[in-house]
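*Asks:* File name entry_20.pdb; file contents PDB, C-alpha atoms; full text below.
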```
ATOM      1  CA  MET A  15      40.648  -3.568   2.469  1.00  0.00           C
ATOM      2  CA  ALA A  16      39.811  -3.174   6.138  1.00  0.00           C
ATOM      3  CA  ARG A  17      36.184  -3.057   7.093  1.00  0.00           C
ATOM      4  CA  ILE A  18      35.105   0.101   8.849  1.00  0.00           C
ATOM      5  CA  THR A  19      32.670  -0.347  11.676  1.00  0.00           C
ATOM      6  CA  LYS A  20      30.962   2.315  13.675  1.00  0.00           C
ATOM      7  CA  THR A  21      31.695   2.236  17.354  1.00  0.00           C
ATOM      8  CA  ARG A  22      28.717   2.876  19.526  1.00  0.00           C
ATOM      9  CA  LYS A  23      29.090   4.977  22.591  1.00  0.00           C
ATOM     10  CA  PRO A  24      27.975   3.089  25.671  1.00  0.00           C
ATOM     11  CA  GLN A  25      24.479   3.930  26.759  1.00  0.00           C
ATOM     12  CA  ALA A  26      24.128   5.538  30.143  1.00  0.00           C
ATOM     13  CA  ALA A  27      22.115   3.779  32.784  1.00  0.00           C
ATOM     14  CA  PRO A  28      18.435   4.737  32.606  1.00  0.00           C
ATOM     15  CA  LYS A  29      17.608   7.829  34.694  1.00  0.00           C
ATOM     16  CA  THR A  30      13.904   7.115  34.930  1.00  0.00           C
ATOM     17  CA  ALA A  31      11.444   4.250  34.849  1.00  0.00           C
ATOM     18  CA  MET A  32      10.312   5.505  31.446  1.00  0.00           C
ATOM     19  CA  GLU A  33      13.816   5.050  30.026  1.00  0.00           C
ATOM     20  CA  LEU A  34      13.958   1.516  31.391  1.00  0.00           C
ATOM     21  CA  LEU A  35      10.575   0.703  29.835  1.00  0.00           C
ATOM     22  CA  MET A  36      11.654   2.261  26.552  1.00  0.00           C
ATOM     23  CA  HIS A  37      14.633  -0.127  26.423  1.00  0.00           C
ATOM     24  CA  GLU A  38      12.363  -3.091  27.201  1.00  0.00           C
ATOM     25  CA  HIS A  39       9.971  -1.999  24.461  1.00  0.00           C
ATOM     26  CA  LEU A  40      12.775  -1.619  21.919  1.00  0.00           C
ATOM     27  CA  ASN A  41      14.091  -5.072  22.825  1.00  0.00           C
ATOM     28  CA  ALA A  42      10.590  -6.471  22.292  1.00  0.00           C
ATOM     29  CA  LEU A  43      10.483  -4.831  18.854  1.00  0.00           C
ATOM     30  CA  SER A  44      13.852  -6.358  17.964  1.00  0.00           C
ATOM     31  CA  VAL A  45      12.671  -9.795  19.046  1.00  0.00           C
ATOM     32  CA  ARG A  46       9.553  -9.400  16.893  1.00  0.00           C
ATOM     33  CA  GLY A  47      11.754  -8.772  13.850  1.00  0.00           C
ATOM     34  CA  TYR A  48      11.554  -5.003  13.432  1.00  0.00           C
ATOM     35  CA  SER A  49      14.453  -3.618  11.417  1.00  0.00           C
ATOM     36  CA  GLU A  50      17.443  -2.036  13.080  1.00  0.00           C
ATOM     37  CA  ASN A  51      16.536   1.309  11.454  1.00  0.00           C
ATOM     38  CA  THR A  52      13.014   1.194  12.893  1.00  0.00           C
ATOM     39  CA  VAL A  53      14.285   0.400  16.375  1.00  0.00           C
ATOM     40  CA  ARG A  54      16.917   3.147  16.112  1.00  0.00           C
ATOM     41  CA  SER A  55      14.436   5.800  14.969  1.00  0.00           C
ATOM     42  CA  ARG A  56      11.945   4.840  17.669  1.00  0.00           C
ATOM     43  CA  ARG A  57      14.711   5.094  20.265  1.00  0.00           C
ATOM     44  CA  VAL A  58      15.398   8.642  19.078  1.00  0.00           C
ATOM     45  CA  TYR A  59      11.747   9.757  19.026  1.00  0.00           C
ATOM     46  CA  LEU A  60      10.870   8.116  22.346  1.00  0.00           C
ATOM     47  CA  GLY A  61      14.038   9.636  23.777  1.00  0.00           C
ATOM     48  CA  PHE A  62      12.864  13.106  22.710  1.00  0.00           C
ATOM     49  CA  PHE A  63       9.604  12.565  24.589  1.00  0.00           C
ATOM     50  CA  ILE A  64      11.277  11.091  27.676  1.00  0.00           C
ATOM     51  CA  GLU A  65      13.696  14.029  27.859  1.00  0.00           C
ATOM     52  CA  TRP A  66      10.791  16.490  27.491  1.00  0.00           C
ATOM     53  CA  ALA A  67       8.842  14.637  30.201  1.00  0.00           C
ATOM     54  CA  TYR A  68      11.869  14.590  32.511  1.00  0.00           C
ATOM     55  CA  GLN A  69      12.247  18.359  32.104  1.00  0.00           C
ATOM     56  CA  HIS A  70       8.602  18.684  33.137  1.00  0.00           C
ATOM     57  CA  GLY A  71       9.055  16.510  36.233  1.00  0.00           C
ATOM     58  CA  LEU A  72       7.510  13.344  34.793  1.00  0.00           C
ATOM     59  CA  CYS A  73       9.535  10.196  35.470  1.00  0.00           C
ATOM     60  CA  GLU A  74       6.914   7.437  35.689  1.00  0.00           C
ATOM     61  CA  PRO A  75       4.687   6.299  32.825  1.00  0.00           C
ATOM     62  CA  ILE A  76       1.623   6.435  35.082  1.00  0.00           C
ATOM     63  CA  GLU A  77       2.199  10.193  35.407  1.00  0.00           C
ATOM     64  CA  VAL A  78       1.629  10.623  31.672  1.00  0.00           C
ATOM     65  CA  THR A  79      -1.969  11.498  30.893  1.00  0.00           C
ATOM     66  CA  ARG A  80      -3.789  12.557  27.780  1.00  0.00           C
ATOM     67  CA  PRO A  81      -3.412  16.278  28.663  1.00  0.00           C
ATOM     68  CA  VAL A  82       0.343  15.720  29.099  1.00  0.00           C
ATOM     69  CA  LEU A  83       0.550  14.171  25.633  1.00  0.00           C
ATOM     70  CA  GLU A  84      -1.503  17.036  24.216  1.00  0.00           C
ATOM     71  CA  ARG A  85       0.986  19.493  25.781  1.00  0.00           C
ATOM     72  CA  TYR A  86       3.819  17.539  24.143  1.00  0.00           C
ATOM     73  CA  GLN A  87       1.955  17.707  20.841  1.00  0.00           C
ATOM     74  CA  ARG A  88       1.641  21.491  21.222  1.00  0.00           C
ATOM     75  CA  TYR A  89       5.354  21.631  22.047  1.00  0.00           C
ATOM     76  CA  LEU A  90       6.096  19.833  18.764  1.00  0.00           C
ATOM     77  CA  PHE A  91       3.795  22.223  16.902  1.00  0.00           C
ATOM     78  CA  PHE A  92       5.621  25.291  18.227  1.00  0.00           C
ATOM     79  CA  TYR A  93       9.108  23.725  18.167  1.00  0.00           C
ATOM     80  CA  ARG A  94      11.612  25.399  15.845  1.00  0.00           C
ATOM     81  CA  LYS A  95      14.581  23.686  14.243  1.00  0.00           C
ATOM     82  CA  LYS A  96      18.051  25.252  14.306  1.00  0.00           C
ATOM     83  CA  ASN A  97      17.262  27.096  11.071  1.00  0.00           C
ATOM     84  CA  GLY A  98      14.096  28.579  12.602  1.00  0.00           C
ATOM     85  CA  GLU A  99      11.643  26.492  10.585  1.00  0.00           C
ATOM     86  CA  PRO A 100       8.810  24.615  12.299  1.00  0.00           C
ATOM     87  CA  LEU A 101       8.472  20.853  12.147  1.00  0.00           C
ATOM     88  CA  THR A 102       6.276  19.710   9.281  1.00  0.00           C
ATOM     89  CA  PHE A 103       3.036  17.920  10.096  1.00  0.00           C
ATOM     90  CA  ARG A 104       4.670  14.756   8.782  1.00  0.00           C
ATOM     91  CA  SER A 105       7.579  15.187  11.225  1.00  0.00           C
ATOM     92  CA  GLN A 106       5.189  15.794  14.100  1.00  0.00           C
ATOM     93  CA  HIS A 107       3.222  12.703  13.067  1.00  0.00           C
ATOM     94  CA  THR A 108       6.450  10.672  12.872  1.00  0.00           C
ATOM     95  CA  ARG A 109       7.370  11.676  16.427  1.00  0.00           C
ATOM     96  CA  LEU A 110       3.928  10.902  17.872  1.00  0.00           C
ATOM     97  CA  VAL A 111       3.282   7.476  16.330  1.00  0.00           C
ATOM     98  CA  PRO A 112       6.044   5.717  18.333  1.00  0.00           C
ATOM     99  CA  LEU A 113       4.468   7.129  21.512  1.00  0.00           C
ATOM    100  CA  ARG A 114       1.124   5.574  20.635  1.00  0.00           C
ATOM    101  CA  VAL A 115       2.769   2.225  19.965  1.00  0.00           C
ATOM    102  CA  TRP A 116       4.843   2.403  23.155  1.00  0.00           C
ATOM    103  CA  PHE A 117       1.902   3.249  25.407  1.00  0.00           C
ATOM    104  CA  ARG A 118      -0.186   0.528  23.756  1.00  0.00           C
ATOM    105  CA  TRP A 119       2.652  -1.924  24.483  1.00  0.00           C
ATOM    106  CA  MET A 120       2.811  -0.809  28.142  1.00  0.00           C
ATOM    107  CA  THR A 121      -0.949  -1.267  28.458  1.00  0.00           C
ATOM    108  CA  ARG A 122      -0.811  -4.760  26.950  1.00  0.00           C
ATOM    109  CA  GLN A 123       2.042  -5.674  29.304  1.00  0.00           C
ATOM    110  CA  ASN A 124      -0.123  -4.470  32.229  1.00  0.00           C
ATOM    111  CA  LEU A 125       2.500  -1.880  33.150  1.00  0.00           C
ATOM    112  CA  ILE A 126      -0.103   0.899  33.051  1.00  0.00           C
ATOM    113  CA  LEU A 127      -3.860   0.593  33.445  1.00  0.00           C
ATOM    114  CA  HIS A 128      -4.956   2.998  30.742  1.00  0.00           C
ATOM    115  CA  ASN A 129      -3.387   4.027  27.446  1.00  0.00           C
ATOM    116  CA  PRO A 130      -3.267   7.852  27.501  1.00  0.00           C
ATOM    117  CA  ALA A 131      -2.164   7.932  23.847  1.00  0.00           C
ATOM    118  CA  SER A 132      -5.120   5.933  22.525  1.00  0.00           C
ATOM    119  CA  GLU A 133      -7.264   8.991  21.875  1.00  0.00           C
ATOM    120  CA  ILE A 134      -4.611  11.480  20.837  1.00  0.00           C
ATOM    121  CA  GLU A 135      -5.341  13.002  17.441  1.00  0.00           C
ATOM    122  CA  LEU A 136      -2.402  12.886  15.091  1.00  0.00           C
ATOM    123  CA  PRO A 137      -1.678  15.743  12.684  1.00  0.00           C
ATOM    124  CA  LYS A 138      -3.370  15.275   9.356  1.00  0.00           C
ATOM    125  CA  LEU A 139      -0.917  14.404   6.628  1.00  0.00           C
ATOM    126  CA  GLY A 140      -1.382  16.295   3.410  1.00  0.00           C
ATOM    127  CA  ARG A 141      -1.409  14.563   0.100  1.00  0.00           C
ATOM    128  CA  SER A 142       1.224  15.525  -2.408  1.00  0.00           C
ATOM    129  CA  LEU A 143       0.982  15.489  -6.157  1.00  0.00           C
ATOM    130  CA  PRO A 144       3.114  13.050  -8.128  1.00  0.00           C
ATOM    131  CA  LYS A 145       6.620  14.352  -8.695  1.00  0.00           C
ATOM    132  CA  ASN A 146       6.919  13.120 -12.297  1.00  0.00           C
ATOM    133  CA  ILE A 147       4.123  14.294 -14.544  1.00  0.00           C
ATOM    134  CA  PHE A 148       4.116  13.816 -18.301  1.00  0.00           C
ATOM    135  CA  SER A 149       4.421  16.936 -20.377  1.00  0.00           C
ATOM    136  CA  ALA A 150       1.874  17.605 -23.126  1.00  0.00           C
ATOM    137  CA  ALA A 151       4.433  16.541 -25.765  1.00  0.00           C
ATOM    138  CA  GLU A 152       5.035  13.227 -23.977  1.00  0.00           C
ATOM    139  CA  VAL A 153       1.303  12.523 -23.762  1.00  0.00           C
ATOM    140  CA  GLU A 154       0.939  13.280 -27.480  1.00  0.00           C
ATOM    141  CA  ARG A 155       3.809  10.934 -28.311  1.00  0.00           C
ATOM    142  CA  ILE A 156       2.243   8.107 -26.286  1.00  0.00           C
ATOM    143  CA  MET A 157      -1.157   8.687 -27.861  1.00  0.00           C
ATOM    144  CA  THR A 158       0.289   8.482 -31.384  1.00  0.00           C
ATOM    145  CA  LEU A 159       1.741   5.062 -30.595  1.00  0.00           C
ATOM    146  CA  CYS A 160      -1.742   3.597 -30.350  1.00  0.00           C
ATOM    147  CA  ASP A 161      -3.746   2.548 -33.383  1.00  0.00           C
ATOM    148  CA  VAL A 162      -7.308   3.380 -32.356  1.00  0.00           C
ATOM    149  CA  GLU A 163      -8.723   1.286 -35.194  1.00  0.00           C
ATOM    150  CA  GLU A 164      -7.496  -1.968 -33.595  1.00  0.00           C
ATOM    151  CA  PRO A 165      -8.704  -2.801 -30.040  1.00  0.00           C
ATOM    152  CA  SER A 166      -5.417  -4.263 -28.782  1.00  0.00           C
ATOM    153  CA  ALA A 167      -2.963  -2.031 -30.626  1.00  0.00           C
ATOM    154  CA  CYS A 168      -1.770  -0.192 -27.487  1.00  0.00           C
ATOM    155  CA  ALA A 169      -1.349  -3.400 -25.511  1.00  0.00           C
ATOM    156  CA  THR A 170       0.939  -4.962 -28.136  1.00  0.00           C
ATOM    157  CA  GLY A 171       3.055  -1.847 -28.552  1.00  0.00           C
ATOM    158  CA  ARG A 172       2.570  -1.488 -32.316  1.00  0.00           C
TER     159      ARG A 172
END
```
Represent the structure of the file as structure tokens.
*Replies:*
Amino acid sequence: MARITKTRKPQAAPKTAMELLMHEHLNALSVRGYSENTVRSRRVYLGFFIEWAYQHGLCEPIEVTRPVLERYQRYLFFYRKKNGEPLTFRSQHTRLVPLRVWFRWMTRQNLILHNPASEIELPKLGRSLPKNIFSAAEVERIMTLCDVEEPSACATGR
């Protein structure tokens, strides 16, 4: 049986300095052992930001300030998917975290003097209840398995 491989379309040359730095950052992540899926998803989410910044006339990372990132965060909040639904807070969070990591990397590489993303507040993630909860009948059945007269009866499975 022949092995099917996906062909990747060649990447266009970077339009901006931010795109070039994104590629350097992603290469650094690969060298540090990050999974291919992580690198791919960060490329997508950083690409969303870079495209948004380019549309707003921002091409250099030093042009990105905290207010710019807050505007991007508001953009994500008001963004609507093709079906008209807003992005969940988790999706917004997922798109902002790679930005924080990327700007921290640029700061550590002395490519920018200050990390504008260091103080950005991420959306609060809600806590969800467990998906599988025992029914009352299942709890009763488990409780009847235990002999309360013997201290270790439940542990032995009698």
*Asks:* Evaluate the PyMOL selection byres ((chain A and resi 105) around 12) and record the selected residues as a ChimeraX atom specification, following the chain and residue labels used in the document.
*Replies:* /A:59,87,90-91,93-95,100-104,106-112,136-140
*Asks:* Atom CA of Leu40 of chain A and atom CA of Val53 of chain A are how many Å apart?
*Replies:*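 That distance, rounded to one decimal, is 6.1 Å.
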*Asks:* Given the file above and the PyMOL selection byres ((chain A and resi 127-132) around 12), which residues are selected, and can you give them as a PyMOL selection string?
*Replies:* chain A and resi 75-84+86-87+110-126+133-136
*Asks:* Atom CA of Arg88 of chain A and atom CA of Gln69 of chain A are how many Å apart?
*Replies:*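 Taking atom CA of Arg88 of chain A as the start and atom CA of Gln69 of chain A as the end point, the length is 15.5 Å.
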*Asks:* Run the PyMOL selection byres ((chain A and resi 61) around 12) mentally over the shown coordinates, then write out the matched residues as a VMD selection string, using the chain letters and numbers from the document.
*Replies:* chain A and resid 28 to 30 32 to 37 40 53 to 60 62 to 68 109 to 110 112 to 113 116
*Asks:* Once you add 5 Å to each side, what are the centre and edge lengths of the axis-aligned box holding all listed atoms of segment 64-74 of chain A? One decimal in Å, as lines of an AutoDock Vina configuration file, if you can.
*Replies:*
```
center_x = 10.3
center_y = 13.1
center_z = 31.9
size_x = 16.8
size_y = 21.2
size_z = 18.7
```
*Asks:* Between atom CA of Ile147 of chain A and atom CA of Leu159 of chain A, measure the distance and give it in Å to one decimal.
*Replies:*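 These two atoms are separated by 18.7 Å.
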*Asks:* Rank A:Cys160, A:Ala31, A:Val45, A:Ala151 by their smallest atom-to-atom distance to Glu74 of chain A, using all atoms listed in the file, and report the top residue only.
*Replies:*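 Smallest separation from Glu74 of chain A among the options: A:Ala31.
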*Asks:* Is there a way to complete segment 102-121 of chain A with N, CA, C and O atoms and then write that out as a JSON list (two decimals), keeping the file's coordinate frame?
*Replies:*
```json
[["chain", "number", "residue", "atom", "x", "y", "z"],
["A", 102, "THR", "N", 7.42, 19.95, 10.17],
["A", 102, "THR", "CA", 6.28, 19.71, 9.28],
["A", 102, "THR", "C", 5.26, 18.84, 10.01],
["A", 102, "THR", "O", 5.58, 18.18, 11.01],
["A", 103, "PHE", "N", 4.04, 18.79, 9.50],
["A", 103, "PHE", "CA", 3.04, 17.92, 10.10],
["A", 103, "PHE", "C", 3.48, 16.47, 10.00],
["A", 103, "PHE", "O", 3.22, 15.67, 10.89],
["A", 104, "ARG", "N", 4.16, 16.13, 8.93],
["A", 104, "ARG", "CA", 4.67, 14.76, 8.78],
["A", 104, "ARG", "C", 5.70, 14.44, 9.87],
["A", 104, "ARG", "O", 5.70, 13.37, 10.45],
["A", 105, "SER", "N", 6.58, 15.39, 10.17],
["A", 105, "SER", "CA", 7.58, 15.19, 11.22],
["A", 105, "SER", "C", 6.91, 15.06, 12.59],
["A", 105, "SER", "O", 7.31, 14.22, 13.40],
["A", 106, "GLN", "N", 5.91, 15.89, 12.84],
["A", 106, "GLN", "CA", 5.19, 15.79, 14.10],
["A", 106, "GLN", "C", 4.51, 14.42, 14.21],
["A", 106, "GLN", "O", 4.56, 13.77, 15.26],
["A", 107, "HIS", "N", 3.89, 14.00, 13.13],
["A", 107, "HIS", "CA", 3.22, 12.70, 13.07],
["A", 107, "HIS", "C", 4.23, 11.59, 13.35],
["A", 107, "HIS", "O", 3.97, 10.67, 14.14],
["A", 108, "THR", "N", 5.40, 11.68, 12.72],
["A", 108, "THR", "CA", 6.45, 10.67, 12.87],
["A", 108, "THR", "C", 6.94, 10.58, 14.31],
["A", 108, "THR", "O", 7.34, 9.51, 14.77],
["A", 109, "ARG", "N", 6.92, 11.69, 15.03],
["A", 109, "ARG", "CA", 7.37, 11.68, 16.43],
["A", 109, "ARG", "C", 6.28, 11.19, 17.37],
["A", 109, "ARG", "O", 6.59, 10.72, 18.47],
["A", 110, "LEU", "N", 5.02, 11.30, 16.99],
["A", 110, "LEU", "CA", 3.93, 10.90, 17.87],
["A", 110, "LEU", "C", 3.55, 9.43, 17.73],
["A", 110, "LEU", "O", 3.12, 8.81, 18.70],
["A", 111, "VAL", "N", 3.69, 8.87, 16.55],
["A", 111, "VAL", "CA", 3.28, 7.48, 16.33],
["A", 111, "VAL", "C", 4.04, 6.51, 17.25],
["A", 111, "VAL", "O", 3.41, 5.63, 17.85],
["A", 112, "PRO", "N", 5.36, 6.63, 17.41],
["A", 112, "PRO", "CA", 6.04, 5.72, 18.33],
["A", 112, "PRO", "C", 5.51, 5.81, 19.77],
["A", 112, "PRO", "O", 5.50, 4.81, 20.49],
["A", 113, "LEU", "N", 5.06, 6.99, 20.18],
["A", 113, "LEU", "CA", 4.47, 7.13, 21.51],
["A", 113, "LEU", "C", 3.19, 6.31, 21.64],
["A", 113, "LEU", "O", 2.98, 5.64, 22.65],
["A", 114, "ARG", "N", 2.36, 6.36, 20.61],
["A", 114, "ARG", "CA", 1.12, 5.57, 20.64],
["A", 114, "ARG", "C", 1.43, 4.08, 20.74],
["A", 114, "ARG", "O", 0.80, 3.36, 21.51],
["A", 115, "VAL", "N", 2.40, 3.65, 19.96],
["A", 115, "VAL", "CA", 2.77, 2.22, 19.96],
["A", 115, "VAL", "C", 3.34, 1.83, 21.32],
["A", 115, "VAL", "O", 3.02, 0.78, 21.88],
["A", 116, "TRP", "N", 4.20, 2.68, 21.87],
["A", 116, "TRP", "CA", 4.84, 2.40, 23.16],
["A", 116, "TRP", "C", 3.83, 2.32, 24.29],
["A", 116, "TRP", "O", 3.87, 1.38, 25.10],
["A", 117, "PHE", "N", 2.91, 3.28, 24.35],
["A", 117, "PHE", "CA", 1.90, 3.25, 25.41],
["A", 117, "PHE", "C", 0.94, 2.07, 25.22],
["A", 117, "PHE", "O", 0.49, 1.48, 26.20],
["A", 118, "ARG", "N", 0.64, 1.71, 23.99],
["A", 118, "ARG", "CA", -0.19, 0.53, 23.76],
["A", 118, "ARG", "C", 0.54, -0.72, 24.25],
["A", 118, "ARG", "O", -0.05, -1.59, 24.90],
["A", 119, "TRP", "N", 1.85, -0.79, 24.00],
["A", 119, "TRP", "CA", 2.65, -1.92, 24.48],
["A", 119, "TRP", "C", 2.63, -1.98, 26.00],
["A", 119, "TRP", "O", 2.46, -3.06, 26.59],
["A", 120, "MET", "N", 2.82, -0.83, 26.67],
["A", 120, "MET", "CA", 2.81, -0.81, 28.14],
["A", 120, "MET", "C", 1.46, -1.26, 28.69],
["A", 120, "MET", "O", 1.40, -1.96, 29.70],
["A", 121, "THR", "N", 0.39, -0.86, 28.02],
["A", 121, "THR", "CA", -0.95, -1.27, 28.46],
["A", 121, "THR", "C", -1.11, -2.77, 28.30],
["A", 121, "THR", "O", -1.62, -3.44, 29.21]]
```
